[in-house]
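**Q** This one is input_7.cif, mmCIF, C-alpha atoms, pLDDT in the B column; chains and numbers go by the auth columns.
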data_protein
loop_
_atom_site.group_PDB
_atom_site.id
_atom_site.type_symbol
_atom_site.label_atom_id
_atom_site.label_comp_id
_atom_site.label_asym_id
_atom_site.label_seq_id
_atom_site.Cartn_x
_atom_site.Cartn_y
_atom_site.Cartn_z
_atom_site.B_iso_or_equiv
_atom_site.auth_seq_id
_atom_site.auth_asym_id
ATOM 1 C CA MET A 1 -27.761 -52.448 -26.016 94.00 1 J
ATOM 2 C CA ASP A 2 -29.344 -49.104 -25.157 97.00 2 J
ATOM 3 C CA ILE A 3 -29.031 -47.701 -21.631 97.00 3 J
ATOM 4 C CA LYS A 4 -30.976 -44.673 -20.417 97.00 4 J
ATOM 5 C CA ILE A 5 -30.138 -43.401 -16.946 97.00 5 J
ATOM 6 C CA THR A 6 -32.393 -41.004 -15.062 97.00 6 J
ATOM 7 C CA GLU A 7 -32.550 -39.934 -11.415 96.00 7 J
ATOM 8 C CA THR A 8 -35.538 -39.927 -9.057 95.00 8 J
ATOM 9 C CA ASN A 9 -35.247 -38.895 -5.397 92.00 9 J
ATOM 10 C CA GLY A 10 -31.499 -39.526 -5.452 94.00 10 J
ATOM 11 C CA VAL A 11 -31.907 -42.979 -6.982 96.00 11 J
ATOM 12 C CA ALA A 12 -30.272 -43.672 -10.334 97.00 12 J
ATOM 13 C CA VAL A 13 -32.666 -45.609 -12.563 97.00 13 J
ATOM 14 C CA ALA A 14 -31.122 -47.346 -15.555 98.00 14 J
ATOM 15 C CA ALA A 15 -33.531 -48.628 -18.203 98.00 15 J
ATOM 16 C CA ILE A 16 -31.840 -51.182 -20.408 98.00 16 J
ATOM 17 C CA GLU A 17 -32.997 -52.306 -23.817 98.00 17 J
ATOM 18 C CA GLY A 18 -31.394 -55.285 -25.529 97.00 18 J
ATOM 19 C CA GLU A 19 -29.447 -58.274 -24.305 97.00 19 J
ATOM 20 C CA ILE A 20 -27.010 -58.517 -21.409 98.00 20 J
ATOM 21 C CA ASN A 21 -24.535 -61.087 -22.641 97.00 21 J
ATOM 22 C CA ILE A 22 -20.803 -61.636 -22.912 96.00 22 J
ATOM 23 C CA SER A 23 -20.558 -59.144 -25.779 96.00 23 J
ATOM 24 C CA THR A 24 -22.686 -56.359 -24.267 97.00 24 J
ATOM 25 C CA SER A 25 -21.752 -56.712 -20.578 97.00 25 J
ATOM 26 C CA PRO A 26 -18.604 -54.548 -20.888 97.00 26 J
ATOM 27 C CA GLN A 27 -20.768 -51.660 -22.168 97.00 27 J
ATOM 28 C CA LEU A 28 -23.169 -52.028 -19.236 97.00 28 J
ATOM 29 C CA LYS A 29 -20.296 -52.134 -16.754 96.00 29 J
ATOM 30 C CA LYS A 30 -18.685 -49.062 -18.319 96.00 30 J
ATOM 31 C CA GLU A 31 -21.921 -47.044 -18.315 96.00 31 J
ATOM 32 C CA MET A 32 -22.760 -47.985 -14.735 96.00 32 J
ATOM 33 C CA GLU A 33 -19.270 -47.051 -13.544 94.00 33 J
ATOM 34 C CA LYS A 34 -20.169 -43.469 -14.440 93.00 34 J
ATOM 35 C CA VAL A 35 -23.100 -43.525 -11.993 93.00 35 J
ATOM 36 C CA ALA A 36 -22.133 -41.778 -8.769 91.00 36 J
ATOM 37 C CA ASN A 37 -25.322 -42.719 -6.883 91.00 37 J
ATOM 38 C CA SER A 38 -25.114 -45.496 -4.318 93.00 38 J
ATOM 39 C CA LYS A 39 -28.824 -46.248 -4.742 96.00 39 J
ATOM 40 C CA VAL A 40 -29.407 -47.852 -8.105 97.00 40 J
ATOM 41 C CA VAL A 41 -32.380 -49.420 -9.876 98.00 41 J
ATOM 42 C CA ILE A 42 -31.962 -51.346 -13.112 98.00 42 J
ATOM 43 C CA ASN A 43 -35.119 -51.822 -15.161 98.00 43 J
ATOM 44 C CA LEU A 44 -34.879 -55.056 -17.152 98.00 44 J
ATOM 45 C CA GLY A 45 -38.313 -54.775 -18.759 98.00 45 J
ATOM 46 C CA LYS A 46 -36.854 -54.629 -22.264 98.00 46 J
ATOM 47 C CA VAL A 47 -34.156 -57.228 -21.666 98.00 47 J
ATOM 48 C CA GLY A 48 -35.126 -60.549 -23.178 96.00 48 J
ATOM 49 C CA TYR A 49 -31.851 -62.386 -22.692 97.00 49 J
ATOM 50 C CA VAL A 50 -29.199 -62.503 -19.965 98.00 50 J
ATOM 51 C CA ASP A 51 -26.311 -64.983 -19.902 97.00 51 J
ATOM 52 C CA SER A 52 -23.892 -65.885 -17.104 97.00 52 J
ATOM 53 C CA SER A 53 -21.637 -62.958 -18.037 97.00 53 J
ATOM 54 C CA GLY A 54 -24.632 -60.647 -17.701 97.00 54 J
ATOM 55 C CA LEU A 55 -25.459 -62.075 -14.281 97.00 55 J
ATOM 56 C CA ALA A 56 -21.814 -61.632 -13.244 96.00 56 J
ATOM 57 C CA THR A 57 -21.839 -58.006 -14.387 97.00 57 J
ATOM 58 C CA LEU A 58 -25.012 -57.282 -12.411 97.00 58 J
ATOM 59 C CA VAL A 59 -23.344 -58.817 -9.331 96.00 59 J
ATOM 60 C CA GLU A 60 -20.352 -56.508 -9.872 96.00 60 J
ATOM 61 C CA ILE A 61 -22.652 -53.464 -10.106 96.00 61 J
ATOM 62 C CA LEU A 62 -24.412 -54.597 -6.916 96.00 62 J
ATOM 63 C CA LYS A 63 -21.099 -54.955 -5.075 95.00 63 J
ATOM 64 C CA LYS A 64 -20.042 -51.482 -6.212 95.00 64 J
ATOM 65 C CA ALA A 65 -23.305 -49.961 -4.965 95.00 65 J
ATOM 66 C CA ARG A 66 -22.913 -51.778 -1.643 95.00 66 J
ATOM 67 C CA SER A 67 -19.354 -50.538 -1.276 95.00 67 J
ATOM 68 C CA LYS A 68 -20.776 -47.023 -1.348 93.00 68 J
ATOM 69 C CA GLY A 69 -23.343 -47.872 1.304 95.00 69 J
ATOM 70 C CA GLY A 70 -26.187 -48.354 -1.143 95.00 70 J
ATOM 71 C CA ALA A 71 -27.848 -51.162 -3.028 96.00 71 J
ATOM 72 C CA LEU A 72 -28.976 -52.291 -6.474 97.00 72 J
ATOM 73 C CA TYR A 73 -32.571 -53.281 -7.080 98.00 73 J
ATOM 74 C CA LEU A 74 -33.895 -54.919 -10.251 98.00 74 J
ATOM 75 C CA THR A 75 -37.341 -54.401 -11.776 98.00 75 J
ATOM 76 C CA HIS A 76 -39.621 -55.709 -14.536 98.00 76 J
ATOM 77 C CA LEU A 77 -37.874 -59.082 -14.939 98.00 77 J
ATOM 78 C CA SER A 78 -39.450 -61.402 -17.496 97.00 78 J
ATOM 79 C CA ASP A 79 -40.326 -64.886 -16.264 97.00 79 J
ATOM 80 C CA LYS A 80 -37.357 -66.426 -18.103 97.00 80 J
ATOM 81 C CA VAL A 81 -34.823 -63.881 -16.855 97.00 81 J
ATOM 82 C CA ARG A 82 -36.186 -64.191 -13.333 97.00 82 J
ATOM 83 C CA SER A 83 -35.804 -67.977 -13.531 97.00 83 J
ATOM 84 C CA LEU A 84 -32.046 -67.526 -14.053 97.00 84 J
ATOM 85 C CA PHE A 85 -31.843 -65.514 -10.835 97.00 85 J
ATOM 86 C CA GLU A 86 -33.829 -68.201 -9.029 97.00 86 J
ATOM 87 C CA ILE A 87 -31.710 -71.101 -10.314 97.00 87 J
ATOM 88 C CA THR A 88 -28.488 -69.359 -9.293 96.00 88 J
ATOM 89 C CA LYS A 89 -30.103 -68.090 -6.054 96.00 89 J
ATOM 90 C CA LEU A 90 -29.170 -64.536 -7.016 96.00 90 J
ATOM 91 C CA ASP A 91 -32.792 -63.640 -6.246 96.00 91 J
ATOM 92 C CA LYS A 92 -31.688 -63.814 -2.596 94.00 92 J
ATOM 93 C CA LEU A 93 -28.835 -61.376 -3.258 94.00 93 J
ATOM 94 C CA PHE A 94 -30.709 -58.706 -5.202 94.00 94 J
ATOM 95 C CA GLY A 95 -33.843 -56.826 -4.314 95.00 95 J
ATOM 96 C CA ILE A 96 -36.240 -57.714 -7.131 98.00 96 J
ATOM 97 C CA TYR A 97 -39.402 -55.630 -7.498 98.00 97 J
ATOM 98 C CA PRO A 98 -42.218 -55.458 -10.019 97.00 98 J
ATOM 99 C CA ASP A 99 -41.675 -51.813 -11.000 98.00 99 J
ATOM 100 C CA ASP A 100 -39.379 -48.819 -10.557 98.00 100 J
ATOM 101 C CA ALA A 101 -41.676 -46.898 -8.198 97.00 101 J
ATOM 102 C CA THR A 102 -41.815 -49.825 -5.766 97.00 102 J
ATOM 103 C CA ALA A 103 -38.042 -50.250 -5.895 97.00 103 J
ATOM 104 C CA ILE A 104 -37.390 -46.525 -5.358 97.00 104 J
ATOM 105 C CA ALA A 105 -39.787 -46.507 -2.392 96.00 105 J
ATOM 106 C CA LYS A 106 -37.780 -49.332 -0.787 95.00 106 J
ATOM 107 C CA PHE A 107 -34.779 -47.000 -0.508 92.00 107 J
ATOM 108 C CA LYS A 108 -36.660 -44.570 1.727 75.00 108 J
ATOM 109 C CA MET B 1 -39.778 -91.820 -31.384 47.00 1 Q
ATOM 110 C CA SER B 2 -38.209 -94.954 -32.833 48.00 2 Q
ATOM 111 C CA GLY B 3 -39.767 -94.215 -36.222 62.00 3 Q
ATOM 112 C CA ASP B 4 -38.172 -90.761 -36.460 87.00 4 Q
ATOM 113 C CA ALA B 5 -34.975 -90.501 -38.451 94.00 5 Q
ATOM 114 C CA LEU B 6 -31.900 -89.003 -36.818 95.00 6 Q
ATOM 115 C CA GLN B 7 -31.092 -85.565 -38.265 96.00 7 Q
ATOM 116 C CA THR B 8 -27.550 -84.271 -37.828 97.00 8 Q
ATOM 117 C CA LEU B 9 -25.606 -81.108 -38.663 98.00 9 Q
ATOM 118 C CA GLN B 10 -21.905 -80.500 -38.015 98.00 10 Q
ATOM 119 C CA PHE B 11 -19.942 -77.293 -38.498 98.00 11 Q
ATOM 120 C CA ASP B 12 -16.854 -75.520 -37.188 98.00 12 Q
ATOM 121 C CA VAL B 13 -16.889 -72.136 -35.445 98.00 13 Q
ATOM 122 C CA PRO B 14 -13.806 -69.889 -35.197 98.00 14 Q
ATOM 123 C CA SER B 15 -12.996 -69.179 -31.532 98.00 15 Q
ATOM 124 C CA SER B 16 -14.139 -65.581 -31.495 98.00 16 Q
ATOM 125 C CA LEU B 17 -17.121 -64.035 -29.714 97.00 17 Q
ATOM 126 C CA ASP B 18 -18.309 -62.285 -32.875 97.00 18 Q
ATOM 127 C CA GLU B 19 -19.025 -65.728 -34.351 98.00 19 Q
ATOM 128 C CA ILE B 20 -21.624 -66.610 -31.705 97.00 20 Q
ATOM 129 C CA PRO B 21 -24.720 -65.025 -33.319 97.00 21 Q
ATOM 130 C CA GLN B 22 -24.117 -66.803 -36.615 98.00 22 Q
ATOM 131 C CA ALA B 23 -23.451 -70.133 -34.895 98.00 23 Q
ATOM 132 C CA THR B 24 -26.675 -69.760 -32.893 98.00 24 Q
ATOM 133 C CA ARG B 25 -28.619 -68.943 -36.068 98.00 25 Q
ATOM 134 C CA ARG B 26 -27.285 -72.102 -37.723 98.00 26 Q
ATOM 135 C CA VAL B 27 -28.396 -74.209 -34.774 98.00 27 Q
ATOM 136 C CA PHE B 28 -31.915 -72.783 -34.716 98.00 28 Q
ATOM 137 C CA ASP B 29 -32.277 -72.913 -38.491 98.00 29 Q
ATOM 138 C CA PHE B 30 -31.497 -76.622 -38.164 98.00 30 Q
ATOM 139 C CA PHE B 31 -34.140 -76.990 -35.428 97.00 31 Q
ATOM 140 C CA SER B 32 -36.751 -74.978 -37.352 96.00 32 Q
ATOM 141 C CA ALA B 33 -38.834 -78.051 -38.248 94.00 33 Q
ATOM 142 C CA LEU B 34 -39.403 -78.678 -34.528 95.00 34 Q
ATOM 143 C CA ASN B 35 -41.353 -75.418 -33.987 95.00 35 Q
ATOM 144 C CA LEU B 36 -39.664 -74.723 -30.650 97.00 36 Q
ATOM 145 C CA ASN B 37 -41.622 -72.608 -28.183 96.00 37 Q
ATOM 146 C CA GLU B 38 -40.077 -69.441 -26.740 96.00 38 Q
ATOM 147 C CA SER B 39 -39.183 -71.044 -23.424 96.00 39 Q
ATOM 148 C CA ASP B 40 -37.319 -73.949 -25.034 97.00 40 Q
ATOM 149 C CA ARG B 41 -35.585 -71.566 -27.453 97.00 41 Q
ATOM 150 C CA PHE B 42 -34.376 -69.451 -24.531 98.00 42 Q
ATOM 151 C CA ASP B 43 -33.070 -72.465 -22.604 98.00 43 Q
ATOM 152 C CA LEU B 44 -31.379 -74.015 -25.643 98.00 44 Q
ATOM 153 C CA ARG B 45 -29.824 -70.754 -26.771 98.00 45 Q
ATOM 154 C CA LEU B 46 -28.425 -69.965 -23.343 98.00 46 Q
ATOM 155 C CA SER B 47 -27.110 -73.499 -22.867 98.00 47 Q
ATOM 156 C CA PHE B 48 -25.535 -73.677 -26.323 98.00 48 Q
ATOM 157 C CA GLU B 49 -23.883 -70.269 -26.038 98.00 49 Q
ATOM 158 C CA GLU B 50 -22.548 -71.007 -22.548 97.00 50 Q
ATOM 159 C CA ILE B 51 -20.825 -74.230 -23.626 97.00 51 Q
ATOM 160 C CA LEU B 52 -19.648 -72.638 -26.887 98.00 52 Q
ATOM 161 C CA ILE B 53 -18.105 -69.678 -25.038 97.00 53 Q
ATOM 162 C CA ASN B 54 -16.435 -72.034 -22.556 94.00 54 Q
ATOM 163 C CA ALA B 55 -14.959 -74.017 -25.448 96.00 55 Q
ATOM 164 C CA MET B 56 -13.709 -70.865 -27.183 97.00 56 Q
ATOM 165 C CA LYS B 57 -12.292 -69.398 -23.971 95.00 57 Q
ATOM 166 C CA HIS B 58 -11.005 -72.257 -21.854 93.00 58 Q
ATOM 167 C CA GLY B 59 -10.361 -74.811 -24.598 95.00 59 Q
ATOM 168 C CA ASN B 60 -9.089 -72.724 -27.491 97.00 60 Q
ATOM 169 C CA GLY B 61 -7.949 -69.559 -25.723 97.00 61 Q
ATOM 170 C CA TYR B 62 -10.016 -67.348 -28.055 97.00 62 Q
ATOM 171 C CA ARG B 63 -7.605 -68.176 -30.884 98.00 63 Q
ATOM 172 C CA ARG B 64 -9.794 -67.451 -33.890 97.00 64 Q
ATOM 173 C CA GLU B 65 -7.898 -69.885 -36.094 98.00 65 Q
ATOM 174 C CA VAL B 66 -8.626 -72.774 -33.712 98.00 66 Q
ATOM 175 C CA PRO B 67 -12.217 -73.864 -34.331 98.00 67 Q
ATOM 176 C CA VAL B 68 -14.819 -75.333 -32.041 98.00 68 Q
ATOM 177 C CA ARG B 69 -16.637 -78.247 -33.667 98.00 69 Q
ATOM 178 C CA VAL B 70 -20.399 -78.113 -33.184 98.00 70 Q
ATOM 179 C CA THR B 71 -22.569 -81.196 -33.743 98.00 71 Q
ATOM 180 C CA VAL B 72 -26.323 -80.735 -33.573 98.00 72 Q
ATOM 181 C CA SER B 73 -28.862 -83.520 -33.846 98.00 73 Q
ATOM 182 C CA TYR B 74 -32.425 -84.449 -33.117 97.00 74 Q
ATOM 183 C CA GLN B 75 -34.495 -87.568 -33.271 97.00 75 Q
ATOM 184 C CA GLY B 76 -38.159 -87.145 -32.587 94.00 76 Q
ATOM 185 C CA ARG B 77 -38.398 -84.677 -29.679 94.00 77 Q
ATOM 186 C CA GLU B 78 -34.895 -85.319 -28.309 97.00 78 Q
ATOM 187 C CA LEU B 79 -32.322 -82.638 -29.166 98.00 79 Q
ATOM 188 C CA LYS B 80 -28.575 -82.851 -28.669 98.00 80 Q
ATOM 189 C CA ILE B 81 -25.848 -80.243 -29.111 98.00 81 Q
ATOM 190 C CA ALA B 82 -22.183 -81.160 -28.674 98.00 82 Q
ATOM 191 C CA VAL B 83 -19.193 -78.823 -28.772 98.00 83 Q
ATOM 192 C CA GLN B 84 -15.604 -79.982 -28.988 97.00 84 Q
ATOM 193 C CA ASP B 85 -12.631 -77.721 -28.401 97.00 85 Q
ATOM 194 C CA GLN B 86 -8.974 -78.486 -28.949 96.00 86 Q
ATOM 195 C CA GLY B 87 -7.821 -77.963 -25.391 93.00 87 Q
ATOM 196 C CA LYS B 88 -6.599 -80.398 -22.804 88.00 88 Q
ATOM 197 C CA GLY B 89 -10.007 -80.698 -21.183 84.00 89 Q
ATOM 198 C CA PHE B 90 -10.857 -80.094 -17.558 75.00 90 Q
ATOM 199 C CA ASP B 91 -12.223 -81.899 -14.541 73.00 91 Q
ATOM 200 C CA VAL B 92 -15.889 -81.004 -14.227 73.00 92 Q
ATOM 201 C CA ASP B 93 -15.857 -82.147 -10.592 74.00 93 Q
ATOM 202 C CA ARG B 94 -13.646 -79.150 -9.775 76.00 94 Q
ATOM 203 C CA LEU B 95 -16.468 -76.728 -10.565 80.00 95 Q
ATOM 204 C CA LYS B 96 -17.752 -75.000 -7.451 83.00 96 Q
ATOM 205 C CA ASP B 97 -21.428 -74.642 -6.624 85.00 97 Q
ATOM 206 C CA PRO B 98 -22.120 -70.943 -7.362 87.00 98 Q
ATOM 207 C CA THR B 99 -25.124 -70.924 -5.033 87.00 99 Q
ATOM 208 C CA MET B 100 -23.052 -71.631 -1.926 86.00 100 Q
ATOM 209 C CA CYS B 101 -22.503 -68.687 0.423 80.00 101 Q
ATOM 210 C CA ASP B 102 -18.768 -68.499 -0.311 81.00 102 Q
ATOM 211 C CA ASN B 103 -19.376 -68.387 -4.073 82.00 103 Q
ATOM 212 C CA ILE B 104 -22.639 -66.492 -4.467 82.00 104 Q
ATOM 213 C CA GLU B 105 -20.901 -63.155 -5.144 81.00 105 Q
ATOM 214 C CA ALA B 106 -18.124 -64.635 -7.295 78.00 106 Q
ATOM 215 C CA TYR B 107 -17.764 -63.274 -10.805 76.00 107 Q
ATOM 216 C CA SER B 108 -17.721 -66.606 -12.612 78.00 108 Q
ATOM 217 C CA GLY B 109 -19.022 -70.136 -12.197 84.00 109 Q
ATOM 218 C CA ARG B 110 -22.721 -69.831 -13.094 92.00 110 Q
ATOM 219 C CA GLY B 111 -22.658 -70.880 -16.758 94.00 111 Q
ATOM 220 C CA VAL B 112 -22.346 -74.651 -16.424 94.00 112 Q
ATOM 221 C CA TYR B 113 -24.591 -74.571 -13.353 94.00 113 Q
ATOM 222 C CA LEU B 114 -27.356 -72.934 -15.399 97.00 114 Q
ATOM 223 C CA VAL B 115 -26.908 -75.421 -18.240 97.00 115 Q
ATOM 224 C CA LYS B 116 -27.263 -78.335 -15.794 95.00 116 Q
ATOM 225 C CA HIS B 117 -30.592 -76.945 -14.647 96.00 117 Q
ATOM 226 C CA LEU B 118 -31.995 -75.911 -18.021 97.00 118 Q
ATOM 227 C CA MET B 119 -31.120 -79.102 -19.912 98.00 119 Q
ATOM 228 C CA ASP B 120 -32.101 -82.696 -19.200 98.00 120 Q
ATOM 229 C CA ARG B 121 -28.519 -83.923 -19.501 97.00 121 Q
ATOM 230 C CA LEU B 122 -25.023 -82.422 -19.541 95.00 122 Q
ATOM 231 C CA ASP B 123 -22.324 -84.931 -20.432 95.00 123 Q
ATOM 232 C CA TYR B 124 -18.568 -84.569 -20.796 93.00 124 Q
ATOM 233 C CA GLY B 125 -16.440 -86.764 -23.001 92.00 125 Q
ATOM 234 C CA PRO B 126 -13.638 -88.780 -21.348 88.00 126 Q
ATOM 235 C CA LYS B 127 -10.984 -86.190 -22.245 88.00 127 Q
ATOM 236 C CA GLY B 128 -13.052 -83.317 -20.924 86.00 128 Q
ATOM 237 C CA ASN B 129 -12.895 -81.267 -24.111 94.00 129 Q
ATOM 238 C CA THR B 130 -16.270 -82.380 -25.473 96.00 130 Q
ATOM 239 C CA VAL B 131 -19.538 -81.327 -23.909 96.00 131 Q
ATOM 240 C CA GLU B 132 -22.947 -82.576 -24.969 97.00 132 Q
ATOM 241 C CA ILE B 133 -26.300 -81.225 -23.850 98.00 133 Q
ATOM 242 C CA THR B 134 -29.612 -83.023 -24.286 98.00 134 Q
ATOM 243 C CA LYS B 135 -33.118 -81.593 -24.148 98.00 135 Q
ATOM 244 C CA HIS B 136 -36.351 -83.581 -24.339 97.00 136 Q
ATOM 245 C CA LEU B 137 -39.115 -81.381 -25.691 96.00 137 Q
ATOM 246 C CA LYS B 138 -42.322 -81.669 -23.692 88.00 138 Q
ATOM 247 C CA ASN B 139 -44.707 -80.859 -26.531 69.00 139 Q
#
Would you mind writing the file's structure down as structure tokens?

**A**
Amino acid sequence: MDIKITETNGVAVAAIEGEINISTSPQLKKEMEKVANSKVVINLGKVGYVDSSGLATLVEILKKARSKGGALYLTHLSDKVRSLFEITKLDKLFGIYPDDATAIAKFK
Amino acid sequence: MSGDALQTLQFDVPSSLDEIPQATRRVFDFFSALNLNESDRFDLRLSFEEILINAMKHGNGYRREVPVRVTVSYQGRELKIAVQDQGKGFDVDRLKDPTMCDNIEAYSGRGVYLVKHLMDRLDYGPKGNTVEITKHLKN
């Protein structure tokens, strides 16, 4: 898994490439713990596979952002990855947007 | 379908997460003649890995030397994958619905729920330490 974190208008934007599964989730959690921003966007455009451990890790990152008064928005979900959020109803928990610019604008 | 012969593969997987990619490759190599589309591959991979991880974790306690037995079969367009661990089994009725308000932010509990929705059947053996998933391919 490759994670690139940039900042735009005070929003941390993490672009992830690879899979978010039981083996890679600890790396994602560790990298995101370093992010001080409360407003976070995770771009899943290059993530082709997420398992239940990956979903759980994203929920943990969301809860951390909320605890700081912020939020976590997700962007560029593939149809299959989005279907996992819909089945588990996590699409009601996260803000899910088509692209980073739209997600960042929602924080304003 | 009745004219199609039953094809079966059985192998053991050490209870260690680093064994998952190889186990998944073996399953999909076995299914290669079926020309699975990307959507079915995604659903089958996720479902297989979820039940395999559960068997390794909850059944065998991630003890590498204690294997999970994987049995894969297909007949016509019906695919089955069964995993058997060496644990005491568990009561599937105790699983909570992860979509309920009280559980939606919980860390765990989504794996089996996803499998139930992605597969056509999810069956447990009487002891609770064998899980079998069934998928009917649409095309």

**Q** Could you list, as a PyMOL selection string, the residues of chain Q having an atom within 12 Å of chain J when counting all atoms listed in the file?

**A** chain Q and resi 16-21+38-54+57+97-101+103-118

**Q** Apply the PyMOL selection byres ((chain J and resi 74) around 10) to the displayed file and report the matching residues as a list of chain:residue names.

**A**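 Applied to this file, the PyMOL selection byres ((chain J and resi 74) around 10) returns J:Val13, J:Ala14, J:Val40, J:Val41, J:Ile42, J:Asn43, J:Leu44, J:Gly45, J:Leu58, J:Leu72, J:Tyr73, J:Thr75, J:His76, J:Leu77, J:Asp91, J:Phe94, J:Gly95, J:Ile96, J:Tyr97, J:Pro98, J:Asp99, J:Asp100, J:Ala103.
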
**Q** Residues near J:Asn9, anyone? I mean within 10 Å using all atoms listed in the file, not counting same-chain ones fewer than 6 positions away, as a list in words.

**A**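 Those residues are Lys39, Ile104, Ala105, Phe107 and Lys108 of chain J.
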
**Q** Would you export the selected residues with C-alpha atoms as a CSV table (one decimal), in the frame of the given file, please?

**A**
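Ended up saving to out_35.csv:
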chain,number,residue,atom,x,y,z
J,39,LYS,CA,-28.8,-46.2,-4.7
J,104,ILE,CA,-37.4,-46.5,-5.4
J,105,ALA,CA,-39.8,-46.5,-2.4
J,107,PHE,CA,-34.8,-47.0,-0.5
J,108,LYS,CA,-36.7,-44.6,1.7

**Q** Hey, can you check how far atom CA of Q:Met56 sits from atom CA of J:Pro26?

**A**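 So the answer is 18.2 Å.
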
**Q** At what distance in Å, to one decimal, does atom CA of J:Ser78 lie from atom CA of Q:Arg26?

**A** 25.9 Å

**Q** Rounded to one decimal in Å, what is the spacing between atom CA of J:Ser38 and atom CA of J:Gly69?

**A** 6.4 Å

**Q** For the structure shown, which residues end up in the PyMOL selection byres ((chain Q and resi 83-96) around 6)? Put them as a list in words, please?

**A**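 For this structure, the PyMOL selection byres ((chain Q and resi 83-96) around 6) resolves to Ala55, Gly59, Asn60, Val68, Arg69, Val70, Ala82, Asp97, Pro98, Lys127, Gly128, Asn129, Thr130 and Val131 of chain Q.
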
**Q** Could stretch 32-43 of chain J be completed with N, CA, C and O atoms and returned as a tab-separated table (two decimals), in the frame of the given file?

**A**
chain	number	residue	atom	x	y	z
J	32	MET	N	-22.37	-48.04	-16.14
J	32	MET	CA	-22.76	-47.98	-14.74
J	32	MET	C	-21.63	-47.48	-13.84
J	32	MET	O	-21.88	-46.98	-12.74
J	33	GLU	N	-20.39	-47.60	-14.32
J	33	GLU	CA	-19.27	-47.05	-13.54
J	33	GLU	C	-19.33	-45.53	-13.48
J	33	GLU	O	-18.74	-44.91	-12.60
J	34	LYS	N	-20.04	-44.93	-14.43
J	34	LYS	CA	-20.17	-43.47	-14.44
J	34	LYS	C	-21.20	-42.98	-13.42
J	34	LYS	O	-21.27	-41.79	-13.13
J	35	VAL	N	-22.03	-43.91	-12.92
J	35	VAL	CA	-23.10	-43.52	-11.99
J	35	VAL	C	-22.51	-43.31	-10.60
J	35	VAL	O	-21.91	-44.22	-10.03
J	36	ALA	N	-22.70	-42.10	-10.08
J	36	ALA	CA	-22.13	-41.78	-8.77
J	36	ALA	C	-23.06	-42.21	-7.64
J	36	ALA	O	-22.60	-42.41	-6.50
J	37	ASN	N	-24.35	-42.38	-7.93
J	37	ASN	CA	-25.32	-42.72	-6.88
J	37	ASN	C	-25.00	-44.08	-6.26
J	37	ASN	O	-24.58	-45.00	-6.96
J	38	SER	N	-25.27	-44.19	-4.97
J	38	SER	CA	-25.11	-45.50	-4.32
J	38	SER	C	-26.41	-46.30	-4.40
J	38	SER	O	-26.40	-47.52	-4.26
J	39	LYS	N	-27.52	-45.59	-4.62
J	39	LYS	CA	-28.82	-46.25	-4.74
J	39	LYS	C	-29.15	-46.38	-6.22
J	39	LYS	O	-29.30	-45.36	-6.92
J	40	VAL	N	-29.26	-47.61	-6.66
J	40	VAL	CA	-29.41	-47.85	-8.10
J	40	VAL	C	-30.55	-48.83	-8.37
J	40	VAL	O	-30.71	-49.83	-7.67
J	41	VAL	N	-31.34	-48.50	-9.39
J	41	VAL	CA	-32.38	-49.42	-9.88
J	41	VAL	C	-32.07	-49.72	-11.34
J	41	VAL	O	-31.76	-48.81	-12.11
J	42	ILE	N	-32.10	-50.98	-11.70
J	42	ILE	CA	-31.96	-51.35	-13.11
J	42	ILE	C	-33.26	-51.98	-13.58
J	42	ILE	O	-33.72	-52.98	-13.02
J	43	ASN	N	-33.86	-51.36	-14.58
J	43	ASN	CA	-35.12	-51.82	-15.16
J	43	ASN	C	-34.81	-52.77	-16.32
J	43	ASN	O	-34.20	-52.37	-17.32
